[in-house]
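A.B. asks: Okay, handing you the structure first.
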Amino acid sequence: MRKCKRTISPGDQFGKLTVIESAGNNTWLCQCECGNQKILSFRSLVYQNVRSCGCLRGRKETLVISPGMRFGKLTVLRKGDRINRNLVWICKCDCGNEKAIYQSNLQNGKTRSCGCSQYIRTLPEGEDDDTLDEEEVSLGSLFFLMDE
């Protein structure tokens with residue numbers, strides 16, 4: 001499985017959350033702009049796009065997108081041209097690919113990677129990562145054994 005190159009350190013911001021300190025076990029204590037503190041996992045901050053302590057739930061708030069913002073594995077680089085009257089943003093995925101993504105898909109969480117996440121290896125039930133050979137590959141819920 002691929003290791004994430006992204007790191008979190010105190011002072012980093014994720015939406016309305018500011019990272020205060022490590023809470024151990026790959027979790028982080030964060031302070032929301034509303035004053036609440038919450039402990040969140042690395043995955044929640046980096047991949048699940050958690051942007052507040054929960055104080056925004058139920059409130060419609062237009063998300064203003066700007067270069068440098070992260071949406072899952074995507075980092076916004078710059079504004080692109082409009083396609084069929086829809087605003088597009090050029091984003092770079094953690095895997096290195098650049099892709100044009102509709103603004104609405106970033107805002108509603110529909111697009112969170114360039115497509116590389118569709119091919120993350122999944123293990124059949126009951127198998128450990130150590131039991132797989134290097135020639136075994138999985139695409140989504142399909143599992144293949146490749147011959148040399």
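Following the order of the structure tokens, chains are lettered A, B, ..., residues in each are numbered from 1, and ligands are numbered from 1.
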For Leu87 of chain A, work out the shell of residues within 12 Å, counting only C-alpha atoms and skipping chain neighbours fewer than 3 positions away, then give it as a PyMOL selection string.

C.D. replies: chain A and resi 65+78-84+90+100-107

A.B. asks: How would the residues just chosen look if you wrote them out with N, CA and C atoms as an mmCIF file, in the first residue's frame?

C.D. replies:
```cif
data_model
loop_
_atom_site.group_PDB
_atom_site.id
_atom_site.type_symbol
_atom_site.label_atom_id
_atom_site.label_comp_id
_atom_site.auth_asym_id
_atom_site.auth_seq_id
_atom_site.Cartn_x
_atom_site.Cartn_y
_atom_site.Cartn_z
ATOM 1 N N ILE A 65 -13.350 28.699 -3.087
ATOM 2 C CA ILE A 65 -12.179 27.898 -3.437
ATOM 3 C C ILE A 65 -11.058 28.824 -3.862
ATOM 4 N N ARG A 78 -4.855 26.274 -9.704
ATOM 5 C CA ARG A 78 -5.292 27.529 -10.318
ATOM 6 C C ARG A 78 -6.696 27.347 -10.922
ATOM 7 N N LYS A 79 -7.301 28.497 -11.229
ATOM 8 C CA LYS A 79 -8.609 28.492 -11.876
ATOM 9 C C LYS A 79 -8.423 28.164 -13.350
ATOM 10 N N GLY A 80 -9.289 27.313 -13.868
ATOM 11 C CA GLY A 80 -9.245 26.959 -15.280
ATOM 12 C C GLY A 80 -10.317 27.698 -16.047
ATOM 13 N N ASP A 81 -10.500 27.332 -17.284
ATOM 14 C CA ASP A 81 -11.549 27.919 -18.117
ATOM 15 C C ASP A 81 -12.894 27.311 -17.752
ATOM 16 N N ARG A 82 -13.952 27.980 -18.178
ATOM 17 C CA ARG A 82 -15.290 27.431 -17.981
ATOM 18 C C ARG A 82 -15.566 26.391 -19.059
ATOM 19 N N ILE A 83 -16.206 25.298 -18.666
ATOM 20 C CA ILE A 83 -16.620 24.267 -19.608
ATOM 21 C C ILE A 83 -18.137 24.144 -19.471
ATOM 22 N N ASN A 84 -18.846 24.410 -20.552
ATOM 23 C CA ASN A 84 -20.320 24.387 -20.528
ATOM 24 C C ASN A 84 -20.876 25.249 -19.393
ATOM 25 N N ILE A 90 -7.931 23.623 -11.862
ATOM 26 C CA ILE A 90 -6.842 22.705 -12.179
ATOM 27 C C ILE A 90 -6.256 22.263 -10.840
ATOM 28 N N ALA A 100 -8.367 18.684 -14.490
ATOM 29 C CA ALA A 100 -9.356 19.755 -14.420
ATOM 30 C C ALA A 100 -10.613 19.194 -13.764
ATOM 31 N N ILE A 101 -11.072 19.848 -12.696
ATOM 32 C CA ILE A 101 -12.215 19.358 -11.914
ATOM 33 C C ILE A 101 -13.269 20.468 -11.838
ATOM 34 N N TYR A 102 -14.539 20.105 -12.074
ATOM 35 C CA TYR A 102 -15.619 21.068 -11.911
ATOM 36 C C TYR A 102 -15.676 21.556 -10.464
ATOM 37 N N GLN A 103 -15.936 22.865 -10.286
ATOM 38 C CA GLN A 103 -16.028 23.441 -8.953
ATOM 39 C C GLN A 103 -17.111 22.753 -8.133
ATOM 40 N N SER A 104 -18.256 22.460 -8.739
ATOM 41 C CA SER A 104 -19.352 21.821 -8.002
ATOM 42 C C SER A 104 -18.935 20.454 -7.456
ATOM 43 N N ASN A 105 -18.112 19.713 -8.206
ATOM 44 C CA ASN A 105 -17.658 18.396 -7.733
ATOM 45 C C ASN A 105 -16.680 18.515 -6.578
ATOM 46 N N LEU A 106 -15.903 19.597 -6.532
ATOM 47 C CA LEU A 106 -15.033 19.830 -5.379
ATOM 48 C C LEU A 106 -15.875 20.206 -4.164
ATOM 49 N N GLN A 107 -16.843 21.091 -4.373
ATOM 50 C CA GLN A 107 -17.649 21.587 -3.261
ATOM 51 C C GLN A 107 -18.511 20.506 -2.619
#
```

A.B. asks: When you look at segment 31-37 of chain A with a cut-off of 8 Å (counting only C-alpha atoms), what residues show up, excluding the ones that are within fewer than 5 positions of it in the same chain? I need them as a list in words.

C.D. replies: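 Counting only C-alpha atoms, the residues come to Lys16, Leu17, Thr18, Val19, Ile20, Ser52, Cys53 and Cys55 of chain A.
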
A.B. asks: List the spatial neighbours of Ser41 of chain A as a list in words - criterion: any atom at most 7 Å away, only C-alpha atoms, same-chain residues fewer than 5 positions off excluded.

C.D. replies: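 Returned residues: Asn26, Thr27 and Trp28 of chain A.
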
A.B. asks: Please report the interatomic distance between atom CA of Glu21 of chain A and atom CA of Arg70 of chain A in Å with one decimal.

C.D. replies: 20.2 Å
